[in-house]
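Only one structure is covered here, and it is reproduced in the block below.
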Amino acid sequence: MMRRLKRRDFLRIMGGVSGSTLLSSCGSPKGSKTFISYVLPPEEGVIPGEATYSPSTCAECPAGCGVSVTLRYGWPVKLEGSPGHPVSDGGLCIRGQSSITRLYHPKRIASPMLRNGGGKFQGISWEKALALVSESLAASRREGRTNLFLSGRTSGSLSRLIDSFCRTREVERLPEFEVYSHSAVKEANGLLFGQREVPRYRIENADFLLTVGADILETHVSPVSYARQVSRARGEGGFLWVHAEPHLSLTGANADRRIVVSPGRETIFLLYVLRQLLEKRAGKKGLPAEVAGSLPRMSAGRASEATGIPADTLKEVCDRIAHARRPLVIAGGVSTAHPGGLGVAAAAGMIQWVTGAIPGLVDFAGRENDERVGTFRDMEDLSARLERGKVGVLFLSRTNPVFSLPGRYAFRENLGKAMLSVAIGDLFDETMREAGLILPLSHALESWGDVEPRRGVLSLVKPALEPLHDTLSEGDMLLRIMGEGSGKGTAAGYRDYLFGEWTRRFGEQGRDALLKTGFVEESLPGKRVSLDGRKAASLFKGQNATGREMAGPVLVLAPSLRTFDGRSRGLPLLSEIPDPLTTISYGSWLSVSPGTAKASGLKDREEVTVSSGDWSQRFPVKIQPGLAEGVVVACRDFVDSPPLRREERTGGAVEYIEAVGIAKSGKTAAIPILSGSPSQRGRGLVPDPSHKDEKHHHGRESLYPEHSHEKYRWAMVIDLALCNGCSACVAACYIENNVPVVGKKDHLKGREMSWLRIEPFYGETGDVEFLPMLCQQCHAAPCETVCPVYAAYHNPEGLNVQVYNRCVGTRYCSNNCPYKVRRFNWFWHRWEKPLNRMLNPELEARGPGVMEKCTFCIQRIRAAKDKAKDGSRKVRDGEVTTACAQSCPTGAITFGNLLDPESGVYRLSHSGRVYRVFEGLGTDPSVYYLSGGKGGPGRKSHG
Amino acid sequence: MTHSPAAEQRVEKTVRKPAILLAVTAYFGVLLLALAALGISWYRAGLAPDQPIAFPHTIHVSKLNLPCNFCHIFVDRSRHAGAPPLEKCMSCHTAIATEREEIRKLARHYEEKRPVEWNRVYSLPEHVYFSHKRHVKAQVDCSECHGKVGAMKKVRKVGSLKMGWCVSCHRVRGASLDCATCHK
């Protein structure tokens, strides 16, 4: 029988309840309860509550793009490309946008750490850590060991400081270690032109671009700069870009013409083109007879057979290049990372020589400052030296060889044989876990410094805040070790050292200008080079007309758009944003061509074991349209210690593994593939000539009154001919709008929160169109009419506004949205400390049970309107732009007021290429897309 | 007349029932009263919180006739009106009323380079955007929201800052009624 509630119990419970209600209502309201009076007034121009901006340089990869740091209430909240910067000119890539999450990363190493007897790391003070380094340096010299300094690519003042550190403390500076060392390109340029360098490619001056393997939109040297230049060249018209590669990369997907070449046969392709140019006498210069004689002869048919490129395509490329006035050839990436890589780079260089476009297009004067970057051979030597036990202190700064080197180099094992390995970095990686002492590095936003990515450009690194943790910049570390050694400090700190350097180089005025603008650009006279006929002739001796066939299936290790060579793996935002080609967010995968998948009965997500010799790794399968048969692709950053060989002549790594075994493991892996379908199934999201929009809803009367717009009607135009799917906009949106990173579990349930996504749509031939999809801010919005609480409504400026604190979470709006751009908060998303410092205070962080979506960066509109109102005028065109448009390296996104006939959006939205997605539904969106092929007609994949 | 035990019980019951009811009502009544009293006192205290330095607007505004933006320098330039930097206070108070306890507190803050942390009288929820500048530039007098601060020895909250209160004024003045103007 149920126990009846007694009166006393009832009263007791009620008393308790009322008491606790009373207590819980005592909490303070949200927000700060206090505000302060400063002791001194803020600097002139600083207005409380308004953002301030500080120039600096992105340090996420060696490209050295200029950034403008947005500070709110003293905290950096966002990075934006700095307009006018000689490298990036206002754009910033997905990695650069995400690099602010490195600053606030909850797992940043907060103090120096020493490995104790038990093998665990223990925090120690800087004094002790640096004293230990000094003692070990001296002790190792006494024992007759050598001290070594290894770093990732370093330029500018820091590189000079490392030199002087190594000199004074008798440390040998090793060649720098970069996975993408461009060793074949440097070697080829050294042999042909006596310039062992990576030149500056000036794509914007070219009318024809042939890239062979070079992933200029992902990692190749300076992706933001190249993306911008391609976009400029396309804007001028008459530009054609052909890309040849064995696999499918984002770069290939965006070229006007993508040529699939058999792995390792790029040399044959280029030599055929070179011969044709010579025979047609199309070039401006000839080749010395000895060189021309050394080139193998081949017919179109044989070349086509060897390279896998149809003969008519070969002919067309030859014609195009012969008729181009300023053709540019860039070889690199995976195409120069195989045993014939040197030949590919040399053939490209020779075509460039013959077409006579040096130095206008290939500028050796403004070359990349990467002359110190070594090769895999240098790392093999280092590993051998470690094994011999002759290494004292080994500094490992900003480099992760344990992860990147092949397992057979035994770098992990040999690292322990150094007397002391000192790792300098900010987040734990494979190499740091093996080190003896860890010196935590300040983020670029916490340090002074400079970067000289290429000759003639110096970019400032300026702190935007005090270090969050007990960390130092590398310059300060070295100066402190040097100071201890000599008994007196060489400079009070790295800042003083830098200021001295800058004053010496540019004078005081120049230095102050640098501090203000963030960069110095010097114009360099063009460098004429000459071809070394003897060496050039020796290059192709023994080269036959077929080349060597790789044994299939070939595993190609491709550079990663999201993590470069794996160095950005620690940033969760980069896993949250899906890879644009596959739409996979979390985890690794193996791209397999549809044909191979069909033949072996493989399905998406099915797990396979890929093996070569004693190396094996499991990957889930992703069927990749457009990929050639016999080639499987994995991103370099997924593969731990791959069994890579070394290219004998250049010392570079071979990023191909031949004759891999692929066996089903019988399991299915849970990887989030966010796109529902690789095909647009004829719905005309990206119109093709065969698609006709029915427009069947047009002409019908709407039940609702028309919206009227008096002052503003915000609209966006996205040029699909310029969009390359690089996803920089997505990262910018995440950071600008406090969009939470939800993790793999929620992604598997389809609960990703991105307001803006890149949708890849594959055609029948494997060609890809990227469609950035965001809230279309419809004028007849299906979401607004179904909201029972008026949380989704249309504002007088043409925005679909979502009032978060009114939303009750019925999710009707999301169900009724044909574009699927509304996101529902299922939980409280926490920003783990100190990531919460990154939150943009201009927006509320949304709580659970609330629907959210793209707002057209309404906070930026509000700020621009505020400024305009101060001047009693309307917002001018260009005064307000969204975070996505700001970040776009190609300038594909334009934002503005459609009511202003002078505005960019007005002009573009009246162009002939304009269309809107699902226009037939009658939603009347404010986002206009410009369709049309990238460059010319026939944007098809061949091969 | 004798009472049967049964009848006695009945009487007892008829007496006991209302007594229990009364007790329950009284218990909750007292609780509610206490709650209300506490609530009101907290509410009133919240309207006019004590400040680390008892700054009298009465003297500065009513007696000295200083305009509001003499101290709240950002009121027409920023969304925040801003409290004056201590340097500004000290420009007068190095000479005036230096012996007063509150001025000594101020001087100590200034000498120790320690900002004064004032308790907020007006605060808005996280999802609201409000700009002092826009209101001042639209000729809204400070007193319309803040009351006669010159008559307040300790500043007290006057406007409720509830949405209805904002909107009623926006209606009267013909200001924007778009949700997105204030909701962020």
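Convention: chains lettered A, B, ... in structure tokens order; per-chain residue numbering from 1; ligands numbered from 1 as shown.
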Practice problem: Using only C-alpha atoms, find the residues of chain B whose closest atom to chain A is at most 6 Å away, then write them as a PyMOL selection string. | Solution: chain B and resi 83-87+113+115-120+127+184
Produce a file of the selected residues containing all heavy atoms, as a compact mmCIF listing (two decimals), in the first residue's frame.
# COMPACT_ATOMS: atom_id res chain seq x y z
N ALA B 83 32.98 56.16 -15.95
CA ALA B 83 33.25 56.89 -14.72
C ALA B 83 34.53 57.69 -14.94
O ALA B 83 35.37 57.29 -15.72
CB ALA B 83 33.43 55.91 -13.58
N PRO B 84 34.65 58.84 -14.29
CA PRO B 84 35.83 59.67 -14.57
C PRO B 84 37.11 58.98 -14.10
O PRO B 84 37.11 58.29 -13.09
CB PRO B 84 35.58 60.93 -13.74
CG PRO B 84 34.63 60.49 -12.69
CD PRO B 84 33.77 59.45 -13.29
N PRO B 85 38.20 59.16 -14.84
CA PRO B 85 39.47 58.65 -14.35
C PRO B 85 39.86 59.41 -13.08
O PRO B 85 39.53 60.59 -12.94
CB PRO B 85 40.44 58.93 -15.49
CG PRO B 85 39.78 59.95 -16.33
CD PRO B 85 38.32 59.80 -16.14
N LEU B 86 40.55 58.74 -12.19
CA LEU B 86 40.86 59.35 -10.89
C LEU B 86 41.69 60.62 -11.05
O LEU B 86 41.62 61.53 -10.23
CB LEU B 86 41.59 58.36 -9.99
CG LEU B 86 40.81 57.07 -9.70
CD1 LEU B 86 41.54 56.21 -8.70
CD2 LEU B 86 39.41 57.38 -9.19
N GLU B 87 42.45 60.67 -12.13
CA GLU B 87 43.25 61.87 -12.38
C GLU B 87 42.35 63.10 -12.42
O GLU B 87 42.72 64.16 -11.93
CB GLU B 87 43.96 61.70 -13.73
CG GLU B 87 45.09 62.67 -13.93
CD GLU B 87 45.69 62.53 -15.33
OE1 GLU B 87 44.95 62.70 -16.30
OE2 GLU B 87 46.89 62.23 -15.40
N LYS B 113 47.74 53.81 -7.35
CA LYS B 113 47.40 53.47 -8.74
C LYS B 113 46.43 52.29 -8.79
O LYS B 113 46.62 51.32 -9.51
CB LYS B 113 48.66 53.15 -9.55
CG LYS B 113 49.61 54.31 -9.68
CD LYS B 113 50.35 54.26 -10.99
CE LYS B 113 51.34 55.37 -11.20
NZ LYS B 113 51.08 56.64 -10.53
N PRO B 115 42.52 51.31 -9.37
CA PRO B 115 41.23 51.84 -9.83
C PRO B 115 40.13 51.65 -8.78
O PRO B 115 40.20 50.72 -7.99
CB PRO B 115 40.92 51.01 -11.07
CG PRO B 115 42.15 50.26 -11.39
CD PRO B 115 42.97 50.18 -10.17
N VAL B 116 39.17 52.54 -8.78
CA VAL B 116 38.03 52.40 -7.86
C VAL B 116 36.98 51.51 -8.53
O VAL B 116 36.65 51.71 -9.69
CB VAL B 116 37.41 53.78 -7.53
CG1 VAL B 116 36.18 53.61 -6.65
CG2 VAL B 116 38.44 54.67 -6.88
N GLU B 117 36.50 50.53 -7.80
CA GLU B 117 35.47 49.64 -8.36
C GLU B 117 34.12 50.07 -7.84
O GLU B 117 33.77 49.80 -6.69
CB GLU B 117 35.75 48.19 -7.93
CG GLU B 117 36.26 47.34 -9.07
CD GLU B 117 36.34 45.89 -8.71
OE1 GLU B 117 35.29 45.22 -8.71
OE2 GLU B 117 37.46 45.43 -8.42
N TRP B 118 33.34 50.73 -8.65
CA TRP B 118 32.02 51.22 -8.25
C TRP B 118 30.99 50.10 -8.40
O TRP B 118 31.12 49.25 -9.28
CB TRP B 118 31.59 52.39 -9.14
CG TRP B 118 32.55 53.55 -9.15
CD1 TRP B 118 33.45 53.84 -10.11
CD2 TRP B 118 32.69 54.56 -8.16
NE1 TRP B 118 34.16 54.96 -9.79
CE2 TRP B 118 33.71 55.44 -8.59
CE3 TRP B 118 32.05 54.83 -6.94
CZ2 TRP B 118 34.11 56.55 -7.85
CZ3 TRP B 118 32.44 55.96 -6.22
CH2 TRP B 118 33.46 56.79 -6.66
N ASN B 119 29.97 50.16 -7.55
CA ASN B 119 28.88 49.19 -7.71
C ASN B 119 27.88 49.75 -8.71
O ASN B 119 27.51 50.91 -8.65
CB ASN B 119 28.19 48.95 -6.36
CG ASN B 119 29.09 48.15 -5.45
OD1 ASN B 119 29.67 47.14 -5.86
ND2 ASN B 119 29.26 48.62 -4.23
N ARG B 120 27.47 48.86 -9.62
CA ARG B 120 26.55 49.31 -10.66
C ARG B 120 25.19 49.62 -10.08
O ARG B 120 24.64 48.86 -9.28
CB ARG B 120 26.36 48.20 -11.69
CG ARG B 120 27.39 48.24 -12.76
CD ARG B 120 27.08 47.23 -13.85
NE ARG B 120 28.24 47.15 -14.72
CZ ARG B 120 28.51 48.05 -15.65
NH1 ARG B 120 27.68 49.07 -15.85
NH2 ARG B 120 29.59 47.94 -16.38
N HIS B 127 21.85 40.20 -23.28
CA HIS B 127 21.33 40.21 -24.65
C HIS B 127 20.85 41.59 -25.11
O HIS B 127 20.20 41.70 -26.13
CB HIS B 127 20.20 39.18 -24.80
CG HIS B 127 19.06 39.40 -23.85
ND1 HIS B 127 18.94 38.71 -22.68
CD2 HIS B 127 18.01 40.24 -23.91
CE1 HIS B 127 17.85 39.12 -22.05
NE2 HIS B 127 17.28 40.04 -22.78
N LYS B 184 20.60 41.69 -28.97
CA LYS B 184 21.76 41.20 -29.71
C LYS B 184 21.95 39.71 -29.50
O LYS B 184 21.27 39.09 -28.74
CB LYS B 184 23.03 41.95 -29.30
CG LYS B 184 23.41 41.87 -27.83
CD LYS B 184 24.69 42.66 -27.61
CE LYS B 184 25.26 42.41 -26.22
NZ LYS B 184 26.43 43.17 -25.91
Practice problem: List every residue of stretch 281-440 of chain A that DSSP, applied to the backbone of this structure, assigns to alpha helix (DSSP H), and report them as a ChimeraX atom specification. | Solution: /A:289-294,300-307,311-323,341-355,376-387,401-404,411-415,430-434
Quiz item: Could you work out how far atom CA of B:Thr181 lies from atom CA of A:Trp831, giving the answer in Å with one decimal?
Solution: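 It comes out at 27.1 Å.
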Quiz prompt | Computed interatomic separation between atom CA of A:Gly416 and atom CA of A:Glu135 (Å) | solution =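 Rounded to one decimal, the two atoms are 18.4 Å apart.
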Self-check item: Which of B:Lys154, B:Lys162, B:Arg173, B:Lys63 sits closest to B:Ala48 [using only C-alpha atoms]
Solution: B:Lys154
Self-check item: Distance in Å - atom CA of A:Ala715 versus atom CA of A:Pro925
Solution: 8.7 Å
Practice problem: Considering only C-alpha atoms, return as a ChimeraX atom specification whatever protein or nucleic-acid residues lie within 8 Å of B:Leu124, sequence-local ones (same chain, fewer than 2 positions apart) excluded. | Solution: /A:31 /B:122,126,128,161
Practice problem: Find the residues around stretch 405-415 of chain A up to 9 Å (only C-alpha atoms counted), leave out those fewer than 3 positions away in its own chain, and share them as a PyMOL selection string. | Solution: chain A and resi 179+376+379-380+382-389+394+400-402+418+420-421+430-431+434-435+615+640-645
Report as an mmCIF file with all heavy atoms, in the first residue's frame all protein, DNA and RNA residues lying within 10 Å of B:Val121, evaluated on only C-alpha atoms, omitting residues in the same chain fewer than 4 positions from it.
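The new file around.cif reads:
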data_model
loop_
_atom_site.group_PDB
_atom_site.id
_atom_site.type_symbol
_atom_site.label_atom_id
_atom_site.label_comp_id
_atom_site.auth_asym_id
_atom_site.auth_seq_id
_atom_site.Cartn_x
_atom_site.Cartn_y
_atom_site.Cartn_z
ATOM 1 N N LYS A 33 28.810 43.251 -11.886
ATOM 2 C CA LYS A 33 28.119 44.075 -10.904
ATOM 3 C C LYS A 33 28.867 45.365 -10.611
ATOM 4 O O LYS A 33 28.380 46.209 -9.891
ATOM 5 C CB LYS A 33 27.928 43.277 -9.616
ATOM 6 C CG LYS A 33 26.764 42.298 -9.714
ATOM 7 C CD LYS A 33 26.803 41.238 -8.641
ATOM 8 C CE LYS A 33 26.539 41.787 -7.271
ATOM 9 N NZ LYS A 33 26.662 40.740 -6.242
ATOM 10 N N THR A 34 30.085 45.432 -11.116
ATOM 11 C CA THR A 34 30.859 46.631 -10.833
ATOM 12 C C THR A 34 31.414 47.223 -12.120
ATOM 13 O O THR A 34 31.450 46.583 -13.146
ATOM 14 C CB THR A 34 32.047 46.316 -9.902
ATOM 15 O OG1 THR A 34 32.843 45.322 -10.527
ATOM 16 C CG2 THR A 34 31.596 45.832 -8.548
ATOM 17 N N GLY B 46 19.181 47.243 -3.490
ATOM 18 C CA GLY B 46 19.727 47.086 -4.838
ATOM 19 C C GLY B 46 19.562 48.345 -5.661
ATOM 20 O O GLY B 46 20.355 48.636 -6.545
ATOM 21 N N LEU B 47 18.513 49.102 -5.377
ATOM 22 C CA LEU B 47 18.282 50.330 -6.135
ATOM 23 C C LEU B 47 19.344 51.374 -5.840
ATOM 24 O O LEU B 47 19.659 52.197 -6.677
ATOM 25 C CB LEU B 47 16.910 50.908 -5.776
ATOM 26 C CG LEU B 47 15.700 50.164 -6.322
ATOM 27 C CD1 LEU B 47 14.426 50.887 -5.928
ATOM 28 C CD2 LEU B 47 15.781 50.016 -7.826
ATOM 29 N N ALA B 48 19.837 51.350 -4.620
ATOM 30 C CA ALA B 48 20.840 52.348 -4.251
ATOM 31 C C ALA B 48 21.963 51.675 -3.480
ATOM 32 O O ALA B 48 22.023 51.729 -2.255
ATOM 33 C CB ALA B 48 20.200 53.447 -3.400
ATOM 34 N N PRO B 49 22.852 50.974 -4.188
ATOM 35 C CA PRO B 49 23.910 50.249 -3.484
ATOM 36 C C PRO B 49 24.930 51.203 -2.864
ATOM 37 O O PRO B 49 25.098 52.328 -3.331
ATOM 38 C CB PRO B 49 24.564 49.422 -4.593
ATOM 39 C CG PRO B 49 24.266 50.155 -5.848
ATOM 40 C CD PRO B 49 22.956 50.837 -5.648
ATOM 41 N N ASP B 50 25.537 50.739 -1.770
ATOM 42 C CA ASP B 50 26.615 51.532 -1.166
ATOM 43 C C ASP B 50 27.790 51.549 -2.119
ATOM 44 O O ASP B 50 28.032 50.582 -2.841
ATOM 45 C CB ASP B 50 27.043 50.906 0.166
ATOM 46 C CG ASP B 50 26.020 51.206 1.239
ATOM 47 O OD1 ASP B 50 25.371 52.265 1.138
ATOM 48 O OD2 ASP B 50 25.872 50.376 2.155
ATOM 49 N N GLN B 51 28.511 52.629 -2.128
ATOM 50 C CA GLN B 51 29.656 52.755 -3.021
ATOM 51 C C GLN B 51 30.956 52.765 -2.215
ATOM 52 O O GLN B 51 30.952 53.158 -1.053
ATOM 53 C CB GLN B 51 29.543 54.041 -3.848
ATOM 54 C CG GLN B 51 28.315 54.121 -4.737
ATOM 55 C CD GLN B 51 28.319 53.087 -5.862
ATOM 56 O OE1 GLN B 51 29.284 52.347 -6.038
ATOM 57 N NE2 GLN B 51 27.214 53.014 -6.600
ATOM 58 N N HIS B 146 17.714 58.703 -15.551
ATOM 59 C CA HIS B 146 18.444 58.610 -14.293
ATOM 60 C C HIS B 146 17.816 59.431 -13.177
ATOM 61 O O HIS B 146 18.302 59.402 -12.052
ATOM 62 C CB HIS B 146 19.897 59.043 -14.503
ATOM 63 C CG HIS B 146 20.665 58.111 -15.390
ATOM 64 N ND1 HIS B 146 21.073 56.860 -14.968
ATOM 65 C CD2 HIS B 146 21.082 58.227 -16.671
ATOM 66 C CE1 HIS B 146 21.723 56.264 -15.966
ATOM 67 N NE2 HIS B 146 21.727 57.061 -17.020
ATOM 68 N N VAL B 155 23.280 57.597 -5.239
ATOM 69 C CA VAL B 155 22.518 57.438 -6.473
ATOM 70 C C VAL B 155 21.595 56.235 -6.380
ATOM 71 O O VAL B 155 21.980 55.170 -5.900
ATOM 72 C CB VAL B 155 23.459 57.299 -7.687
ATOM 73 C CG1 VAL B 155 22.669 57.033 -8.950
ATOM 74 C CG2 VAL B 155 24.271 58.560 -7.852
ATOM 75 N N ARG B 156 20.367 56.453 -6.806
ATOM 76 C CA ARG B 156 19.324 55.437 -6.710
ATOM 77 C C ARG B 156 18.803 55.176 -8.116
ATOM 78 O O ARG B 156 18.717 56.083 -8.947
ATOM 79 C CB ARG B 156 18.208 55.992 -5.823
ATOM 80 C CG ARG B 156 17.218 54.993 -5.296
ATOM 81 C CD ARG B 156 16.263 55.684 -4.332
ATOM 82 N NE ARG B 156 15.465 56.705 -5.012
ATOM 83 C CZ ARG B 156 15.583 58.007 -4.802
ATOM 84 N NH1 ARG B 156 16.451 58.464 -3.932
ATOM 85 N NH2 ARG B 156 14.833 58.859 -5.474
ATOM 86 N N LYS B 157 18.470 53.920 -8.360
ATOM 87 C CA LYS B 157 17.940 53.565 -9.672
ATOM 88 C C LYS B 157 16.538 54.130 -9.825
ATOM 89 O O LYS B 157 15.699 53.932 -8.954
ATOM 90 C CB LYS B 157 17.916 52.038 -9.798
ATOM 91 C CG LYS B 157 17.543 51.541 -11.173
ATOM 92 C CD LYS B 157 17.701 50.028 -11.206
ATOM 93 C CE LYS B 157 16.965 49.436 -12.378
ATOM 94 N NZ LYS B 157 16.974 47.976 -12.334
ATOM 95 N N VAL B 158 16.293 54.817 -10.942
ATOM 96 C CA VAL B 158 14.990 55.438 -11.142
ATOM 97 C C VAL B 158 14.202 54.700 -12.222
ATOM 98 O O VAL B 158 13.146 54.165 -11.969
ATOM 99 C CB VAL B 158 15.153 56.929 -11.493
ATOM 100 C CG1 VAL B 158 13.804 57.548 -11.786
ATOM 101 C CG2 VAL B 158 15.844 57.663 -10.357
#
Self-check item: Residues near A:Tyr53, cut-off 10 Å, only C-alpha atoms, skip fewer than 6 positions along chain, as number ranges by chain
Solution: A: 67-72, 76, 78-80, 464
Exercise. Would you return as a PyMOL selection string the members of stretch 370-509 of chain A that DSSP assigns to strand (DSSP E) on this structure's backbone?
Key: chain A and resi 391-397+420-425+437-440+449-451+457-461
Mind dumping the selected residues with C-alpha atoms as a PDB file, in the first residue's frame?
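As a result, again-v8.pdb now contains:
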ATOM      1  CA  VAL A 391      74.835  14.881 -29.121  1.00  0.00           C
ATOM      2  CA  GLY A 392      74.753  16.995 -25.993  1.00  0.00           C
ATOM      3  CA  VAL A 393      71.906  19.476 -25.833  1.00  0.00           C
ATOM      4  CA  LEU A 394      69.434  19.286 -28.716  1.00  0.00           C
ATOM      5  CA  PHE A 395      67.051  22.218 -29.085  1.00  0.00           C
ATOM      6  CA  LEU A 396      63.833  21.383 -30.960  1.00  0.00           C
ATOM      7  CA  SER A 397      62.007  24.585 -31.642  1.00  0.00           C
ATOM      8  CA  LEU A 420      69.237  16.821 -22.921  1.00  0.00           C
ATOM      9  CA  SER A 421      66.550  17.457 -25.488  1.00  0.00           C
ATOM     10  CA  VAL A 422      64.946  20.862 -25.083  1.00  0.00           C
ATOM     11  CA  ALA A 423      61.619  21.267 -26.862  1.00  0.00           C
ATOM     12  CA  ILE A 424      60.251  24.755 -27.465  1.00  0.00           C
ATOM     13  CA  GLY A 425      56.541  24.917 -28.271  1.00  0.00           C
ATOM     14  CA  LEU A 437      62.886  19.703 -20.930  1.00  0.00           C
ATOM     15  CA  ILE A 438      60.026  21.792 -22.236  1.00  0.00           C
ATOM     16  CA  LEU A 439      60.274  25.539 -22.623  1.00  0.00           C
ATOM     17  CA  PRO A 440      56.773  26.956 -23.205  1.00  0.00           C
ATOM     18  CA  GLY A 449      59.085  39.741 -33.294  1.00  0.00           C
ATOM     19  CA  ASP A 450      59.319  40.071 -37.028  1.00  0.00           C
ATOM     20  CA  VAL A 451      58.953  37.733 -39.961  1.00  0.00           C
ATOM     21  CA  VAL A 457      59.049  42.070 -46.977  1.00  0.00           C
ATOM     22  CA  LEU A 458      59.357  42.457 -43.235  1.00  0.00           C
ATOM     23  CA  SER A 459      56.209  41.890 -41.235  1.00  0.00           C
ATOM     24  CA  LEU A 460      55.818  42.956 -37.637  1.00  0.00           C
ATOM     25  CA  VAL A 461      54.850  40.642 -34.782  1.00  0.00           C
TER      26      VAL A 461
END
